[in-house]
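As stored in my_file-v6.cif (mmCIF, C-alpha atoms):
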```
data_upload
#
loop_
_atom_site.label_atom_id
_atom_site.label_comp_id
_atom_site.auth_asym_id
_atom_site.auth_seq_id
_atom_site.Cartn_x
_atom_site.Cartn_y
_atom_site.Cartn_z
CA MET D 1 0.00 0.00 0.00
CA PRO D 2 2.72 2.60 0.82
CA THR D 3 4.27 2.01 -2.63
CA ALA D 4 0.99 2.85 -4.37
CA LEU D 5 0.49 5.97 -2.22
CA LEU D 6 4.08 7.14 -2.81
CA ALA D 7 3.81 6.56 -6.57
CA VAL D 8 0.53 8.46 -6.84
CA GLY D 9 1.88 11.20 -4.55
CA VAL D 10 5.08 11.79 -6.57
CA PHE D 11 3.11 11.93 -9.83
CA ALA D 12 0.51 14.26 -8.30
CA ALA D 13 3.30 16.55 -7.04
CA ALA D 14 4.81 16.75 -10.54
CA PHE D 15 1.38 17.40 -12.07
CA LEU D 16 0.74 20.18 -9.58
CA VAL D 17 4.06 21.86 -10.45
CA HIS D 18 3.13 21.60 -14.15
CA LEU D 19 -0.35 23.04 -13.51
CA ILE D 20 0.97 26.02 -11.51
CA TRP D 21 3.69 26.78 -14.10
CA TRP D 22 1.24 26.62 -17.03
CA ARG D 23 -1.34 28.81 -15.29
CA ILE D 24 1.36 31.46 -14.62
CA ALA D 25 2.85 31.42 -18.15
CA LEU D 26 2.98 28.94 -21.02
CA PRO D 27 6.61 27.87 -21.63
CA ARG D 28 7.96 28.34 -25.16
CA ARG D 29 9.10 24.73 -25.55
CA GLN D 30 6.26 22.94 -23.84
CA THR D 31 7.30 19.30 -24.38
CA ALA D 32 10.83 19.99 -23.10
CA ALA D 33 9.36 21.84 -20.11
CA LEU D 34 7.04 18.90 -19.34
CA LEU D 35 9.95 16.44 -19.47
CA ALA D 36 11.92 18.73 -17.15
CA VAL D 37 9.03 19.02 -14.66
CA PHE D 38 8.07 15.35 -14.50
CA PHE D 39 11.59 13.89 -14.48
CA GLY D 40 12.94 16.74 -12.34
CA VAL D 41 10.40 15.97 -9.62
CA LEU D 42 11.22 12.23 -9.83
CA VAL D 43 14.98 12.84 -9.57
CA ALA D 44 14.43 15.26 -6.67
CA TRP D 45 12.30 12.66 -4.83
CA LEU D 46 14.91 9.92 -5.45
CA ALA D 47 17.62 12.25 -4.12
CA VAL D 48 15.57 13.08 -1.01
CA SER D 49 14.91 9.34 -0.47
CA HIS D 50 18.65 8.67 -0.71
CA PHE D 51 19.90 11.50 1.49
CA LEU D 52 17.01 11.75 3.99
CA PRO D 53 15.84 8.13 4.46
CA GLY D 54 13.19 7.05 6.92
CA ARG D 55 10.65 9.86 6.29
CA TRP D 56 7.02 9.06 5.53
CA PHE D 57 7.37 10.54 2.03
CA THR D 58 10.61 8.72 1.05
CA ALA D 59 11.25 5.24 -0.36
CA SER D 60 11.99 2.62 2.27
CA ASP D 61 14.37 0.67 0.01
CA ARG D 62 15.82 0.44 -3.50
CA TRP D 63 13.01 -1.68 -5.01
CA GLN D 64 10.29 0.58 -3.71
CA ALA D 65 12.13 3.51 -5.31
CA ILE D 66 12.45 1.61 -8.61
CA HIS D 67 8.76 0.67 -8.51
CA VAL D 68 7.73 4.29 -7.99
CA ALA D 69 10.12 5.34 -10.79
CA VAL D 70 8.62 2.78 -13.23
CA PHE D 71 5.07 3.95 -12.46
CA HIS D 72 6.06 7.61 -12.70
CA THR D 73 7.92 7.12 -16.00
CA ALA D 74 4.99 5.24 -17.56
CA CYS D 75 2.42 7.85 -16.50
CA ALA D 76 4.64 10.83 -17.34
CA LEU D 77 5.38 9.54 -20.86
CA ALA D 78 1.70 8.76 -21.45
CA TYR D 79 0.73 12.24 -20.30
CA ILE D 80 3.38 13.94 -22.46
CA VAL D 81 2.19 11.95 -25.50
CA ALA D 82 -1.42 12.95 -24.76
CA TYR D 83 -0.38 16.56 -24.18
CA SER D 84 0.44 17.12 -27.87
CA ALA D 85 -3.25 16.44 -28.58
CA LEU D 86 -4.22 18.93 -25.85
CA GLU D 87 -2.20 21.77 -27.40
CA HIS D 88 -4.16 21.71 -30.65
CA ARG D 89 -7.39 19.95 -31.49
CA SER D 90 -6.81 17.43 -34.32
CA PRO D 91 -8.85 17.61 -37.57
CA SER D 92 -10.70 14.39 -36.67
CA MET D 93 -11.64 15.69 -33.22
CA THR D 94 -12.73 19.03 -34.72
CA LEU D 95 -15.10 17.19 -37.09
CA LEU D 96 -16.47 14.90 -34.37
CA VAL D 97 -17.17 17.73 -31.94
CA ALA D 98 -18.77 19.88 -34.66
CA VAL D 99 -21.17 17.07 -35.56
CA ALA D 100 -21.98 16.42 -31.88
CA ASP D 101 -22.56 20.16 -31.21
CA SER D 102 -24.91 20.38 -34.21
CA GLY D 103 -27.41 18.15 -32.37
CA ALA D 104 -30.23 16.42 -34.24
CA ALA D 105 -29.69 18.50 -37.42
CA GLY D 106 -26.25 16.98 -38.06
CA CYS D 107 -23.77 18.46 -40.53
CA SER D 108 -23.35 18.11 -44.28
CA PRO D 109 -19.94 16.98 -45.61
CA GLU D 110 -19.60 20.45 -47.23
CA GLU D 111 -20.09 22.19 -43.88
CA LEU D 112 -17.42 19.97 -42.32
CA ARG D 113 -14.97 20.60 -45.17
CA GLY D 114 -15.62 24.32 -44.68
CA LEU D 115 -14.77 23.95 -40.99
CA LEU D 116 -11.24 22.84 -41.83
CA ALA D 117 -10.86 25.26 -44.74
CA GLY D 118 -9.91 28.26 -42.61
CA ALA D 119 -7.35 26.35 -40.63
CA SER D 120 -5.27 24.66 -43.35
CA PRO D 121 -4.00 21.78 -41.21
CA VAL D 122 -1.15 21.21 -43.64
CA GLU D 123 0.23 24.73 -43.21
CA VAL D 124 -0.17 24.49 -39.44
CA ARG D 125 1.83 21.27 -39.41
CA LEU D 126 4.50 22.59 -41.77
CA ASP D 127 4.96 25.62 -39.51
CA ALA D 128 5.14 23.35 -36.46
CA MET D 129 7.73 21.12 -38.16
CA VAL D 130 9.88 24.17 -38.98
CA HIS D 131 9.58 25.29 -35.33
CA GLU D 132 10.59 21.80 -34.11
CA GLY D 133 13.59 21.60 -36.49
CA MET D 134 12.16 18.69 -38.49
CA VAL D 135 12.27 20.67 -41.77
CA THR D 136 13.72 24.02 -42.85
CA ARG D 137 12.40 26.64 -45.28
CA ASP D 138 14.57 26.58 -48.38
CA GLY D 139 13.59 28.99 -51.14
CA ASP D 140 9.98 28.33 -52.08
CA GLY D 141 10.01 24.87 -50.56
CA TYR D 142 10.86 22.77 -47.53
CA ARG D 143 14.04 20.78 -46.91
CA LEU D 144 14.20 17.73 -44.64
CA ALA D 145 16.45 18.40 -41.61
CA PRO D 146 18.53 15.62 -39.97
CA LYS D 147 16.03 15.40 -37.09
CA GLY D 148 13.14 14.95 -39.52
CA MET D 149 15.11 12.39 -41.50
CA ALA D 150 15.77 10.39 -38.32
CA TRP D 151 12.04 10.37 -37.43
CA ALA D 152 11.01 9.43 -40.98
CA THR D 153 13.55 6.59 -41.10
CA VAL D 154 12.64 5.12 -37.69
CA LEU D 155 8.89 5.24 -38.29
CA SER D 156 9.09 4.01 -41.92
CA ASN D 157 11.20 1.02 -40.86
CA TRP D 158 8.84 0.28 -37.98
CA ARG D 159 5.85 0.39 -40.33
CA ARG D 160 7.59 -1.92 -42.80
CA LEU D 161 8.35 -4.32 -39.93
CA LEU D 162 4.62 -4.37 -39.15
CA GLY D 163 3.68 -4.72 -42.84
CA MET D 164 1.50 -1.59 -42.78
CA PRO D 165 0.72 0.79 -45.67
CA PRO D 166 1.78 4.50 -45.62
CA GLY D 167 -0.18 6.66 -43.19
CA GLY D 168 -1.39 10.25 -43.08
CA MET T 1 27.79 -9.30 -5.40
CA THR T 2 24.11 -10.29 -5.39
CA ILE T 3 22.06 -7.81 -7.39
CA ILE T 4 18.69 -9.55 -7.08
CA ASN T 5 17.75 -11.79 -4.19
CA THR T 6 15.66 -14.56 -5.78
CA ALA T 7 13.61 -14.95 -2.59
CA ASP T 8 12.61 -11.26 -2.77
CA TYR T 9 9.37 -10.78 -4.71
CA ARG T 10 9.68 -6.98 -5.03
CA PRO T 11 11.99 -6.87 -8.11
CA LEU T 12 9.42 -8.84 -10.12
CA VAL T 13 6.56 -6.64 -8.89
CA ALA T 14 8.51 -3.44 -9.64
CA LEU T 15 9.52 -4.53 -13.14
CA ALA T 16 6.25 -6.27 -14.14
CA PRO T 17 4.96 -3.27 -16.22
CA VAL T 18 8.27 -3.14 -18.12
CA LEU T 19 8.03 -6.87 -18.86
CA GLY T 20 4.41 -6.34 -19.91
CA LEU T 21 5.50 -3.60 -22.34
CA ALA T 22 8.10 -5.96 -23.85
CA VAL T 23 5.41 -8.64 -24.30
CA TYR T 24 3.10 -6.01 -25.87
CA CYS T 25 5.74 -4.97 -28.44
CA VAL T 26 6.70 -8.53 -29.41
CA SER T 27 3.12 -9.85 -29.59
CA HIS T 28 2.02 -6.76 -31.56
CA VAL T 29 4.76 -7.24 -34.18
CA ILE T 30 3.98 -10.95 -34.53
CA THR T 31 0.19 -10.38 -34.75
CA ALA T 32 0.57 -7.47 -37.19
CA ARG T 33 2.66 -9.62 -39.52
CA ILE T 34 0.12 -12.47 -39.34
CA ILE T 35 -2.88 -10.24 -40.16
CA ARG T 36 -0.94 -7.76 -42.36
CA GLY T 37 -2.79 -5.54 -44.81
CA ARG T 38 -5.88 -5.15 -42.61
CA SER T 39 -6.63 -2.50 -39.98
CA PRO T 40 -3.66 -2.04 -37.60
CA TYR T 41 -5.86 -1.71 -34.53
CA PRO T 42 -6.80 -5.39 -33.86
CA ALA T 43 -3.09 -6.27 -33.62
CA LEU T 44 -2.58 -3.36 -31.21
CA ALA T 45 -5.53 -4.49 -29.09
CA ILE T 46 -4.24 -8.08 -28.98
CA GLY T 47 -0.74 -6.89 -28.04
CA ALA T 48 -2.06 -4.56 -25.33
CA SER T 49 -4.21 -7.33 -23.84
CA ALA T 50 -1.24 -9.73 -23.79
CA GLY T 51 0.98 -7.12 -22.12
CA LEU T 52 -1.63 -6.28 -19.50
CA ALA T 53 -2.33 -9.96 -18.77
CA VAL T 54 1.39 -10.68 -18.30
CA THR T 55 1.81 -7.65 -16.01
CA ILE T 56 -1.10 -8.69 -13.78
CA ALA T 57 -0.08 -12.37 -13.78
CA ILE T 58 3.53 -11.57 -12.77
CA THR T 59 2.35 -9.17 -10.04
CA LEU T 60 -0.15 -11.66 -8.61
CA ALA T 61 2.34 -14.56 -8.75
CA ALA T 62 5.13 -12.52 -7.13
CA CYS T 63 2.84 -11.16 -4.39
CA SER T 64 1.51 -14.64 -3.70
CA ARG T 65 5.04 -16.09 -3.51
CA GLY T 66 6.20 -13.25 -1.27
CA GLY T 67 3.26 -13.61 1.12
CA ALA T 68 1.95 -10.07 0.58
CA SER T 69 -1.33 -9.23 2.33
CA PHE T 70 -4.59 -9.00 0.35
CA ILE T 71 -4.66 -5.18 0.58
CA ASP T 72 -1.02 -4.89 -0.53
CA THR T 73 -1.61 -7.30 -3.41
CA LEU T 74 -4.68 -5.32 -4.49
CA ALA T 75 -2.78 -2.00 -4.34
CA LEU T 76 0.23 -3.36 -6.25
CA VAL T 77 -1.97 -4.95 -8.94
CA GLY T 78 -3.82 -1.63 -9.30
CA LEU T 79 -0.56 0.33 -9.50
CA ASN T 80 0.94 -2.01 -12.10
CA THR T 81 -2.29 -2.08 -14.13
CA VAL T 82 -2.22 1.73 -14.40
CA ALA T 83 1.51 1.67 -15.27
CA SER T 84 0.94 -1.04 -17.90
CA LEU T 85 -1.97 0.88 -19.46
CA ALA T 86 0.17 4.04 -19.50
CA PHE T 87 3.03 2.23 -21.27
CA ALA T 88 0.47 0.71 -23.69
CA PHE T 89 -0.96 4.17 -24.42
CA GLY T 90 2.51 5.51 -25.21
CA TYR T 91 3.30 2.57 -27.50
CA PHE T 92 -0.12 2.85 -29.20
CA ASN T 93 0.55 6.51 -29.98
CA PHE T 94 3.99 5.68 -31.37
CA VAL T 95 2.47 3.11 -33.74
CA ASN T 96 -0.48 5.39 -34.53
CA LEU T 97 1.98 8.07 -35.67
CA THR T 98 2.94 5.76 -38.52
CA VAL T 99 -0.74 5.22 -39.42
CA ALA T 100 -2.44 8.59 -39.05
CA SER T 101 0.12 11.35 -38.65
CA LEU T 102 0.11 13.95 -41.40
CA ARG T 103 3.50 15.22 -40.20
CA ILE T 104 5.15 11.81 -40.58
CA ARG T 105 3.58 11.37 -44.04
CA ILE T 106 5.00 14.73 -45.11
CA LEU T 107 8.44 13.82 -43.71
CA GLU T 108 8.36 10.56 -45.67
CA GLU T 109 7.30 12.36 -48.87
CA LEU T 110 10.25 14.74 -48.44
CA ALA T 111 12.64 11.81 -47.83
CA ASP T 112 11.34 9.97 -50.92
CA ALA T 113 11.74 13.15 -53.02
CA GLY T 114 15.43 13.45 -52.12
CA GLY T 115 14.97 15.83 -49.18
CA TRP T 116 13.26 18.87 -50.80
CA LEU T 117 9.79 19.62 -52.15
CA PRO T 118 8.22 22.92 -53.24
CA ARG T 119 5.67 24.39 -50.79
CA ALA T 120 3.02 24.56 -53.52
CA ALA T 121 3.38 20.84 -54.26
CA LEU T 122 2.95 19.92 -50.59
CA LEU T 123 -0.10 22.17 -50.16
CA ASP T 124 -1.57 20.77 -53.36
CA ARG T 125 -0.87 17.14 -52.41
CA TYR T 126 -2.27 17.56 -48.90
CA GLY T 127 -4.90 20.16 -49.65
CA THR T 128 -7.54 20.92 -47.05
CA ALA T 129 -10.16 19.05 -49.05
CA SER T 130 -8.11 15.85 -49.16
CA VAL T 131 -7.32 16.09 -45.42
CA ALA T 132 -11.00 16.62 -44.58
CA ASP T 133 -12.14 13.90 -47.00
CA LEU T 134 -9.64 11.39 -45.61
CA ARG T 135 -10.72 12.13 -42.04
CA LEU T 136 -14.43 11.97 -42.91
CA GLU T 137 -13.90 8.67 -44.73
CA ARG T 138 -12.12 7.20 -41.69
CA LEU T 139 -14.70 8.50 -39.20
CA VAL T 140 -17.62 7.15 -41.26
CA GLY T 141 -15.78 3.87 -41.93
CA GLY T 142 -15.12 3.43 -38.20
CA GLY T 143 -18.77 4.12 -37.33
CA HIS T 144 -17.90 7.31 -35.40
CA LEU T 145 -20.06 9.30 -37.81
CA VAL T 146 -23.17 7.96 -39.54
CA GLU T 147 -24.78 9.36 -42.68
CA ARG T 148 -28.57 9.88 -42.79
CA ASN T 149 -30.23 11.75 -45.68
CA GLY T 150 -26.96 13.26 -46.82
CA ARG T 151 -26.09 14.64 -43.37
CA LEU T 152 -23.60 13.29 -40.85
CA HIS T 153 -24.58 12.47 -37.26
CA THR T 154 -22.77 11.17 -34.20
CA GLY T 155 -22.26 7.41 -34.27
CA ARG T 156 -20.01 5.50 -31.89
CA LEU T 157 -19.13 7.60 -28.88
CA GLN T 158 -15.58 6.44 -27.99
CA PHE T 159 -13.65 9.18 -29.86
CA LEU T 160 -16.22 11.81 -28.90
CA VAL T 161 -15.83 10.93 -25.21
CA VAL T 162 -12.04 11.28 -25.64
CA ALA T 163 -12.57 14.68 -27.30
CA ARG T 164 -14.76 15.85 -24.39
CA ILE T 165 -12.23 14.60 -21.82
CA PHE T 166 -9.51 16.53 -23.68
CA ASP T 167 -11.72 19.65 -23.62
CA GLY T 168 -12.00 19.26 -19.84
CA LEU T 169 -8.23 18.82 -19.47
CA ARG T 170 -7.62 21.93 -21.62
CA TRP T 171 -9.91 23.89 -19.33
CA LEU T 172 -7.98 22.62 -16.28
CA ILE T 173 -4.46 23.14 -17.64
CA PHE T 174 -4.71 26.22 -19.86
CA GLY T 175 -7.63 27.99 -18.23
CA PRO T 176 -11.13 28.77 -19.54
CA ALA T 177 -10.07 31.47 -22.07
CA TYR T 178 -7.59 29.31 -23.98
CA ALA T 179 -9.93 26.29 -23.90
CA ALA T 180 -12.78 28.42 -25.30
CA SER T 181 -10.55 29.71 -28.13
CA LEU T 182 -9.90 26.12 -29.22
CA ARG T 183 -13.65 25.42 -29.34
CA ARG T 184 -14.32 28.25 -31.80
CA PRO T 185 -14.47 26.98 -35.41
CA PRO T 186 -11.73 28.45 -37.62
CA ARG T 187 -12.80 31.28 -39.92
CA PRO T 188 -13.07 30.37 -43.60
CA ALA T 189 -10.03 31.55 -45.60
CA THR T 190 -12.16 34.01 -47.59
CA GLU T 191 -13.13 35.86 -44.39
CA ILE T 192 -9.56 36.32 -43.16
CA PRO T 193 -8.16 39.76 -44.02
CA PRO T 194 -4.89 39.68 -45.98
CA HIS T 195 -2.73 41.11 -43.16
CA HIS T 196 -4.30 39.41 -40.17
CA ASP T 197 -2.16 38.62 -37.12
CA ASP T 198 -4.40 35.83 -35.91
CA VAL T 199 -2.78 32.40 -35.72
CA THR T 200 -5.38 29.70 -36.20
CA THR T 201 -4.53 26.12 -35.39
CA THR T 202 -6.31 22.80 -35.70
#
```

Represent the supplied structure as structure tokens.
Amino acid sequence: MPTALLAVGVFAAAFLVHLIWWRIALPRRQTAALLAVFFGVLVAWLAVSHFLPGRWFTASDRWQAIHVAVFHTACALAYIVAYSALEHRSPSMTLLVAVADSGAAGCSPEELRGLLAGASPVEVRLDAMVHEGMVTRDGDGYRLAPKGMAWATVLSNWRRLLGMPPGG
Amino acid sequence: MTIINTADYRPLVALAPVLGLAVYCVSHVITARIIRGRSPYPALAIGASAGLAVTIAITLAACSRGGASFIDTLALVGLNTVASLAFAFGYFNFVNLTVASLRIRILEELADAGGWLPRAALLDRYGTASVADLRLERLVGGGHLVERNGRLHTGRLQFLVVARIFDGLRWLIFGPAYAASLRRPPRPATEIPPHHDDVTTT
């Protein structure tokens, strides 16, 4: 039981730090800031457990600390993955919510196409990829950066391993 | 030096979600290759179930062997179930990137074209209409939207529930003003003045 309480407590502490920071000001590099918050809190707790043992909020031994770290890592990574969907609503979610909000009348396919027309999801993603260093603007086009090439190679090979067709 | 005491059940309990993730990855790859060419999601579901089952089985077996109390066993199984589901969610999103991500598709197009493509070609290839049509086709195909008399209505609720949960999380994390701005539909391109400063995202 103490392991479960400690694990939930450490994650809740990290989430609280994240919540307070975000309500004060949104960081420029949000994913990097999230990684820093969640893993910073974990490292701080591990350090406190090592240097100040025997407190009610510290790990009683190495395996309890590892167990809490495994739980925290799993939940932190899942949250950071989900966070990218929180920053911007995806085209699919935009369409689903629009149809739900329209009630019994529903929406025509033309209305839904019009909903995405003002946003140009492709341009939004190209801008985001430039910001993230995946691609660079080069003349009147886009050039693949080493970081983008690495992502494309890893995910293409993984998809081939699974025998799946191209996505998007 | 003894790193792991074989009589100690805690190492197995602590590492059960990691072992479950390994089982998820291996069983997903094997299942995906067996049922290749069809929807990728059944293989993911089978892999996730195998990983979760292994995590729970290892935790229960280790707790039983170590003589943990019923309450402790219940708490540790609950903790490892959440950790296993979190790992599974992360892995699902990694695989889903290769299936549904527009960004990854664009990166692959650039790689296939030798590393450079003109902006106009990319916008033309992934025009708003094709993005919307592809999404609508998937949502109708998956039963999330249903067509009646030429109009689309809500079908299965799973994705919609996720969308509503995300709206709630946005409200909690970013505050009501930012969450409300995301709920407003984007203005059609024809209504946007030529020198607007507004950044609209989807």

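If all atoms listed in the file are the atoms counted, then among T:Tyr178, T:Ala163, T:Ile58, T:Glu147 the closest residue to Ser108 in chain D is T:Glu147.
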
_Nearest candidate to chain T (options D:Trp22, D:Trp45, D:Phe15, D:Phe38; using all atoms listed in the file)_ = D:Trp22

*Measure the distance from CA of Leu123 in chain T to CA of Ala150 in chain D in Å and round it to one decimal.*
23.0 Å

_Assuming the chain letters and numbering stay as they are in my file, what does the PyMOL selection byres ((chain T) within 6 of (chain D)) actually select? List them as a ChimeraX atom specification._
/T:14,29,32-33,36,72,75,79,83,86-87,90,98-102,105,107-108,115-119,128,132,135,151-154,173,186-189,200-202

Write the residues you've just listed into a file as a short mmCIF file (atom, residue, chain, number, x, y, z; two decimals), keeping the file's coordinate frame, and include C-alpha atoms for each of them.
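Writing done, so here's out31.cif:
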```cif
data_model
loop_
_atom_site.label_atom_id
_atom_site.label_comp_id
_atom_site.auth_asym_id
_atom_site.auth_seq_id
_atom_site.Cartn_x
_atom_site.Cartn_y
_atom_site.Cartn_z
CA ALA T 14 8.51 -3.44 -9.64
CA VAL T 29 4.76 -7.24 -34.18
CA ALA T 32 0.57 -7.47 -37.19
CA ARG T 33 2.66 -9.62 -39.52
CA ARG T 36 -0.94 -7.76 -42.36
CA ASP T 72 -1.02 -4.89 -0.53
CA ALA T 75 -2.78 -2.00 -4.34
CA LEU T 79 -0.56 0.33 -9.50
CA ALA T 83 1.51 1.67 -15.27
CA ALA T 86 0.17 4.04 -19.50
CA PHE T 87 3.03 2.23 -21.27
CA GLY T 90 2.51 5.51 -25.21
CA THR T 98 2.94 5.76 -38.52
CA VAL T 99 -0.74 5.22 -39.42
CA ALA T 100 -2.44 8.59 -39.05
CA SER T 101 0.12 11.35 -38.65
CA LEU T 102 0.11 13.95 -41.40
CA ARG T 105 3.58 11.37 -44.04
CA LEU T 107 8.44 13.82 -43.71
CA GLU T 108 8.36 10.56 -45.67
CA GLY T 115 14.97 15.83 -49.18
CA TRP T 116 13.26 18.87 -50.80
CA LEU T 117 9.79 19.62 -52.15
CA PRO T 118 8.22 22.92 -53.24
CA ARG T 119 5.67 24.39 -50.79
CA THR T 128 -7.54 20.92 -47.05
CA ALA T 132 -11.00 16.62 -44.58
CA ARG T 135 -10.72 12.13 -42.04
CA ARG T 151 -26.09 14.64 -43.37
CA LEU T 152 -23.60 13.29 -40.85
CA HIS T 153 -24.58 12.47 -37.26
CA THR T 154 -22.77 11.17 -34.20
CA ILE T 173 -4.46 23.14 -17.64
CA PRO T 186 -11.73 28.45 -37.62
CA ARG T 187 -12.80 31.28 -39.92
CA PRO T 188 -13.07 30.37 -43.60
CA ALA T 189 -10.03 31.55 -45.60
CA THR T 200 -5.38 29.70 -36.20
CA THR T 201 -4.53 26.12 -35.39
CA THR T 202 -6.31 22.80 -35.70
#
```

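Between CA of Tyr24 in chain T and CA of Gly47 in chain T the separation is 4.5 Å.
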